[in-house]
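Okay, so here's the structure we're looking at.
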Amino acid sequence: MKSSSKTTSLLQALPTWLLLGSLFVAPLVMIFLISFAPADEYGDPMKVDDLRSHITSGQVWDNYREAVRPTYLNTYLRSLWVALATTAICLLVSYPVAYYIAIVAKPRWRNLLLLGVAIPFWTSFVIRTSAWKMILGTEGPIDQFSQWAGLGHVDLLYTNTAVLIGLIYGELPFMILPLYASLEKLDRTLLEAAGDLGAGRSGAFWRVTVPLTMPGIIAGVVLVFIPSVGQYVVSDLLGGSKTWLAGNLIQFQFTDSTGSKPLGAAFSFIVMAAVLLILLAYALYLRKEDRTDRVAIPG
């Protein structure tokens, strides 16, 4: 009976796995194979006639050797810094917002406030990002206010600051919504118990609220950090040629006539590997902290 039930479950899941395999795994495998191929004069991957010679000669690693040259090191580091800064600022801004919506706001206002968080999704991300060009550029609201205040012209467009602002604006909802989901499920009686045991509001927040909403924090960090590392739209529109990130390197190799698609594929997998290593290190750290807490609490 158990075997029949297991077979039925596998058959029910089969269409999902086939869909994921065809739309996600297969393209990844294809790009991975392309990353080891040489490029022709047009930047397209060439067919390797003698695969054994291609591997034994070391030419199979040419794209990866090119992708890790010191020339690109600053771009990788800038991408990492921008992604970390975006994630940290989004977390600092989003937690109070999500806390207010889930805990402080009256129930009749919560749906309206959540609607306000979701409204940006109704408009194309490219259009919303393009609007920031007018806000941050010369004669925009920020520049006009600065002139009115006697501070002179302020042109933030095509700077790291502009890219950071655009990313924070675009990724904020992806941090607020997971945090709200965790805070909304928070058992208020635990906060009351913490108060009865002598914990103040600050102590109850750091020792009860934050640990219990850690799943929402982790989900928000992952949802913001990963897109921020690989994005190229914001840096292209608000940073221009002065602020290239890893995503722009990949985009250039695949779309420019002088680019190399195999090299772009190598860039892609280097960025993917770096992100996975960071997430793995973070997961191991959380597991270590969880084990420490279990040991510290008897029983």
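Each chain of the structure tokens is named A, B, ... in the order shown, its residues numbered from 1; ligands are numbered from 1 in display order.
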Residue list (alpha helix (DSSP H), DSSP) for region 4-243 of chain A, as a PyMOL selection string:
chain A and resi 4-20+26-34+51-56+62-67+73-99+107-118+125-136+141-148+160-184+188-196+201-204+210-212+214-230+233-234
Got a sec: who's within 9 Å of region 44-54 of chain A, counting only C-alpha atoms, leaving out chain neighbours fewer than 3 positions off, as a PyMOL selection string?
chain A and resi 34-41+57-60+254+259-262
Selected residues written out, C-alpha atoms, as a PDB file, in the first residue's frame:
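Output file again01.pdb follows:
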ATOM      1  CA  ILE A  34      28.989  26.770 -23.860  1.00  0.00           C
ATOM      2  CA  SER A  35      31.290  28.284 -21.214  1.00  0.00           C
ATOM      3  CA  PHE A  36      34.012  25.758 -22.165  1.00  0.00           C
ATOM      4  CA  ALA A  37      33.759  26.279 -25.926  1.00  0.00           C
ATOM      5  CA  PRO A  38      35.975  28.570 -28.025  1.00  0.00           C
ATOM      6  CA  ALA A  39      34.371  31.558 -29.747  1.00  0.00           C
ATOM      7  CA  ASP A  40      34.394  32.287 -33.462  1.00  0.00           C
ATOM      8  CA  GLU A  41      34.948  35.699 -35.057  1.00  0.00           C
ATOM      9  CA  SER A  57      45.696  21.082 -23.927  1.00  0.00           C
ATOM     10  CA  GLY A  58      43.968  23.163 -21.243  1.00  0.00           C
ATOM     11  CA  GLN A  59      42.107  25.285 -23.800  1.00  0.00           C
ATOM     12  CA  VAL A  60      38.870  24.165 -22.179  1.00  0.00           C
ATOM     13  CA  PHE A 254      25.869  38.245 -25.087  1.00  0.00           C
ATOM     14  CA  GLY A 259      31.372  40.191 -27.194  1.00  0.00           C
ATOM     15  CA  SER A 260      31.978  36.484 -26.695  1.00  0.00           C
ATOM     16  CA  LYS A 261      29.063  34.286 -25.676  1.00  0.00           C
ATOM     17  CA  PRO A 262      31.312  31.544 -24.199  1.00  0.00           C
TER      18      PRO A 262
END
8 Å contact set for Tyr99 (chain A), only C-alpha atoms, chain neighbours under 3 positions out, as a PyMOL selection string:
chain A and resi 95-96+102-104+179-180+183
Output file for the residues above (C-alpha atoms, as an mmCIF file, in the first residue's frame):
data_model
loop_
_atom_site.group_PDB
_atom_site.id
_atom_site.type_symbol
_atom_site.label_atom_id
_atom_site.label_comp_id
_atom_site.auth_asym_id
_atom_site.auth_seq_id
_atom_site.Cartn_x
_atom_site.Cartn_y
_atom_site.Cartn_z
ATOM 1 C CA TYR A 95 11.784 45.718 9.290
ATOM 2 C CA PRO A 96 10.161 48.794 10.916
ATOM 3 C CA ALA A 102 1.805 43.520 11.148
ATOM 4 C CA ILE A 103 1.865 44.602 14.813
ATOM 5 C CA VAL A 104 1.018 48.285 15.242
ATOM 6 C CA LEU A 179 9.151 40.044 7.031
ATOM 7 C CA TYR A 180 5.456 40.882 7.268
ATOM 8 C CA LEU A 183 5.702 39.104 11.998
#
What does the structure give for the distance between CA of Leu164 (chain A) and CA of Thr86 (chain A), in Å to one decimal?
6.4 Å
Residue neighbourhood Gly116 (chain A), 12 Å, only C-alpha atoms, exclusion window fewer than 2 positions, as number ranges by chain:
A: 97, 101, 109-114, 118-122, 172-173, 176-177
Give me a file of those residues, with all heavy atoms, as a compact mmCIF listing (two decimals), in the first residue's frame.
# COMPACT_ATOMS: atom_id res chain seq x y z
N VAL A 97 8.93 48.94 8.81
CA VAL A 97 7.72 49.05 8.00
C VAL A 97 6.85 47.80 8.18
O VAL A 97 5.64 47.87 8.43
CB VAL A 97 8.07 49.24 6.52
CG1 VAL A 97 6.80 49.20 5.66
CG2 VAL A 97 8.80 50.56 6.32
N ILE A 101 3.10 47.41 10.00
CA ILE A 101 1.94 46.85 9.31
C ILE A 101 1.38 45.65 10.06
O ILE A 101 0.15 45.51 10.22
CB ILE A 101 2.30 46.45 7.87
CG1 ILE A 101 2.72 47.69 7.05
CG2 ILE A 101 1.12 45.77 7.18
CD1 ILE A 101 3.24 47.36 5.67
N TRP A 109 -6.52 48.69 8.38
CA TRP A 109 -5.57 49.42 7.55
C TRP A 109 -4.52 48.50 6.92
O TRP A 109 -3.78 48.92 6.03
CB TRP A 109 -4.85 50.49 8.37
CG TRP A 109 -5.74 51.62 8.78
CD1 TRP A 109 -6.24 51.88 10.02
CD2 TRP A 109 -6.25 52.65 7.93
NE1 TRP A 109 -7.04 53.00 10.02
CE2 TRP A 109 -7.05 53.50 8.74
CE3 TRP A 109 -6.12 52.94 6.57
CZ2 TRP A 109 -7.70 54.61 8.23
CZ3 TRP A 109 -6.77 54.06 6.05
CH2 TRP A 109 -7.55 54.87 6.88
N ARG A 110 -4.41 47.27 7.41
CA ARG A 110 -3.31 46.40 6.97
C ARG A 110 -3.37 46.09 5.48
O ARG A 110 -2.36 46.17 4.78
CB ARG A 110 -3.32 45.10 7.78
CG ARG A 110 -2.83 45.29 9.20
CD ARG A 110 -2.92 44.01 10.00
NE ARG A 110 -2.65 44.26 11.41
CZ ARG A 110 -2.88 43.39 12.38
NH1 ARG A 110 -3.40 42.20 12.08
NH2 ARG A 110 -2.62 43.70 13.64
N ASN A 111 -4.55 45.72 4.99
CA ASN A 111 -4.66 45.39 3.57
C ASN A 111 -4.32 46.59 2.69
O ASN A 111 -3.69 46.44 1.64
CB ASN A 111 -6.06 44.88 3.25
CG ASN A 111 -6.33 43.51 3.83
OD1 ASN A 111 -5.41 42.74 4.09
ND2 ASN A 111 -7.59 43.20 4.05
N LEU A 112 -4.72 47.78 3.15
CA LEU A 112 -4.42 48.99 2.37
C LEU A 112 -2.91 49.26 2.36
O LEU A 112 -2.34 49.61 1.32
CB LEU A 112 -5.17 50.18 2.96
CG LEU A 112 -5.03 51.51 2.20
CD1 LEU A 112 -5.60 51.36 0.79
CD2 LEU A 112 -5.76 52.63 2.94
N LEU A 113 -2.26 49.07 3.51
CA LEU A 113 -0.81 49.28 3.57
C LEU A 113 -0.06 48.24 2.74
O LEU A 113 0.92 48.57 2.06
CB LEU A 113 -0.35 49.22 5.03
CG LEU A 113 -0.83 50.37 5.92
CD1 LEU A 113 -0.49 50.10 7.37
CD2 LEU A 113 -0.20 51.69 5.47
N LEU A 114 -0.52 46.98 2.78
CA LEU A 114 0.10 45.95 1.94
C LEU A 114 -0.11 46.24 0.46
O LEU A 114 0.77 45.98 -0.37
CB LEU A 114 -0.48 44.58 2.29
CG LEU A 114 -0.04 43.98 3.62
CD1 LEU A 114 -0.82 42.69 3.90
CD2 LEU A 114 1.45 43.69 3.62
N ALA A 118 2.64 46.65 -2.62
CA ALA A 118 2.57 45.87 -3.86
C ALA A 118 2.31 46.71 -5.10
O ALA A 118 2.52 46.22 -6.22
CB ALA A 118 1.48 44.81 -3.74
N ILE A 119 1.89 47.96 -4.94
CA ILE A 119 1.55 48.80 -6.09
C ILE A 119 2.68 48.92 -7.11
O ILE A 119 2.43 48.89 -8.32
CB ILE A 119 1.08 50.19 -5.62
CG1 ILE A 119 -0.39 50.13 -5.20
CG2 ILE A 119 1.26 51.25 -6.69
CD1 ILE A 119 -0.95 51.43 -4.69
N PRO A 120 3.95 49.06 -6.68
CA PRO A 120 5.03 49.16 -7.69
C PRO A 120 5.07 47.99 -8.67
O PRO A 120 5.52 48.16 -9.81
CB PRO A 120 6.31 49.19 -6.83
CG PRO A 120 5.87 49.79 -5.54
CD PRO A 120 4.48 49.28 -5.32
N PHE A 121 4.59 46.81 -8.27
CA PHE A 121 4.60 45.66 -9.18
C PHE A 121 3.64 45.85 -10.34
O PHE A 121 3.71 45.11 -11.33
CB PHE A 121 4.22 44.38 -8.42
CG PHE A 121 5.25 43.96 -7.41
CD1 PHE A 121 4.91 43.79 -6.08
CD2 PHE A 121 6.56 43.73 -7.79
CE1 PHE A 121 5.84 43.39 -5.15
CE2 PHE A 121 7.51 43.33 -6.87
CZ PHE A 121 7.16 43.16 -5.54
N TRP A 122 2.74 46.82 -10.25
CA TRP A 122 1.77 47.04 -11.32
C TRP A 122 2.40 47.74 -12.53
O TRP A 122 1.77 47.83 -13.58
CB TRP A 122 0.59 47.87 -10.81
CG TRP A 122 -0.19 47.21 -9.71
CD1 TRP A 122 0.04 46.00 -9.15
CD2 TRP A 122 -1.34 47.74 -9.04
NE1 TRP A 122 -0.87 45.73 -8.17
CE2 TRP A 122 -1.74 46.79 -8.07
CE3 TRP A 122 -2.06 48.91 -9.15
CZ2 TRP A 122 -2.83 46.98 -7.23
CZ3 TRP A 122 -3.15 49.11 -8.31
CH2 TRP A 122 -3.53 48.15 -7.37
N LEU A 172 12.90 46.69 -2.24
CA LEU A 172 12.23 46.85 -0.94
C LEU A 172 11.01 45.95 -0.75
O LEU A 172 10.88 45.31 0.31
CB LEU A 172 11.83 48.31 -0.73
CG LEU A 172 12.80 49.21 0.03
CD1 LEU A 172 12.26 50.63 0.11
CD2 LEU A 172 13.05 48.67 1.43
N PRO A 173 10.11 45.85 -1.72
CA PRO A 173 8.94 44.97 -1.51
C PRO A 173 9.32 43.52 -1.24
O PRO A 173 8.63 42.82 -0.50
CB PRO A 173 8.16 45.12 -2.82
CG PRO A 173 8.57 46.43 -3.38
CD PRO A 173 10.00 46.59 -2.99
N ILE A 176 10.09 43.49 2.46
CA ILE A 176 8.98 43.81 3.35
C ILE A 176 8.00 42.65 3.45
O ILE A 176 7.56 42.28 4.56
CB ILE A 176 8.24 45.07 2.86
CG1 ILE A 176 9.14 46.30 2.99
CG2 ILE A 176 6.95 45.30 3.66
CD1 ILE A 176 8.54 47.57 2.40
N LEU A 177 7.64 42.03 2.34
CA LEU A 177 6.60 41.01 2.35
C LEU A 177 6.97 39.75 3.15
O LEU A 177 6.15 39.27 3.94
CB LEU A 177 6.22 40.65 0.91
CG LEU A 177 5.56 41.79 0.12
CD1 LEU A 177 5.30 41.39 -1.32
CD2 LEU A 177 4.27 42.24 0.79
Given the choices A:Ala181, A:Leu212, A:Leu19, A:Leu238, which gets closest to Ala162 (chain A) if the distance is worked out from only C-alpha atoms?
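Comparing A:Ala181, A:Leu212, A:Leu19, A:Leu238 against Ala162 (chain A), the winner is A:Leu238.
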Report as a ChimeraX atom specification all protein, DNA and RNA residues lying within 10 Å of Val154 (chain A), evaluated on only C-alpha atoms, omitting residues in the same chain fewer than 6 positions from it.
/A:136-147
Output of the above residues as a compact mmCIF listing (two decimals), in the first residue's frame, restricted to N, CA, C and O atoms:
# COMPACT_ATOMS: atom_id res chain seq x y z
N LEU A 136 16.86 61.90 -10.23
CA LEU A 136 18.24 62.05 -9.77
C LEU A 136 19.08 62.95 -10.65
O LEU A 136 20.15 63.40 -10.23
N GLY A 137 18.63 63.22 -11.88
CA GLY A 137 19.44 63.98 -12.83
C GLY A 137 19.35 65.48 -12.63
O GLY A 137 18.68 66.00 -11.73
N THR A 138 20.03 66.19 -13.51
CA THR A 138 20.02 67.66 -13.48
C THR A 138 18.61 68.18 -13.74
O THR A 138 17.89 67.66 -14.59
N GLU A 139 18.23 69.21 -12.99
CA GLU A 139 16.91 69.82 -13.04
C GLU A 139 15.81 68.90 -12.52
O GLU A 139 14.62 69.19 -12.69
N GLY A 140 16.19 67.82 -11.89
CA GLY A 140 15.22 66.96 -11.24
C GLY A 140 14.83 67.53 -9.88
O GLY A 140 15.38 68.55 -9.43
N PRO A 141 13.88 66.90 -9.18
CA PRO A 141 13.43 67.42 -7.87
C PRO A 141 14.57 67.58 -6.87
O PRO A 141 14.59 68.57 -6.12
N ILE A 142 15.50 66.64 -6.82
CA ILE A 142 16.61 66.73 -5.86
C ILE A 142 17.50 67.90 -6.21
O ILE A 142 17.91 68.68 -5.33
N ASP A 143 17.81 68.07 -7.49
CA ASP A 143 18.66 69.18 -7.92
C ASP A 143 17.98 70.53 -7.68
O ASP A 143 18.61 71.49 -7.22
N GLN A 144 16.68 70.61 -7.96
CA GLN A 144 15.95 71.87 -7.75
C GLN A 144 15.88 72.22 -6.27
O GLN A 144 16.04 73.40 -5.90
N PHE A 145 15.66 71.21 -5.42
CA PHE A 145 15.63 71.48 -3.98
C PHE A 145 17.00 71.95 -3.49
O PHE A 145 17.10 72.86 -2.65
N SER A 146 18.05 71.33 -3.99
CA SER A 146 19.40 71.71 -3.59
C SER A 146 19.70 73.16 -4.00
O SER A 146 20.30 73.91 -3.22
N GLN A 147 19.27 73.54 -5.18
CA GLN A 147 19.48 74.92 -5.62
C GLN A 147 18.65 75.88 -4.76
O GLN A 147 19.12 76.96 -4.40
Which one is closest to Ala88 (chain A): A:Gly150, A:Pro27, A:Gly21, A:Gly220? Count only C-alpha atoms.
A:Gly220
A straight line from CA of Asp236 (chain A) to CA of Gly152 (chain A) spans 26.6 Å
Please provide as a ChimeraX atom specification all residues within 7 Å of Thr87 (chain A), with the sequence filter that same-chain residues fewer than 4 positions apart are discarded (counting only C-alpha atoms).
/A:83,91,221,224-225
Would you please work out which residue, of A:Trp61, A:Tyr100, A:Tyr282, A:Phe267, is nearest to Leu245 (chain A) when using only C-alpha atoms?
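The closest residue to Leu245 (chain A) is A:Phe267.
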From A:Val163, A:Val25, A:Leu73, A:Val222, residue lying nearest Lys242 (chain A) [only C-alpha atoms]
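Of the candidates, the smallest distance to Lys242 (chain A) is held by A:Val163.
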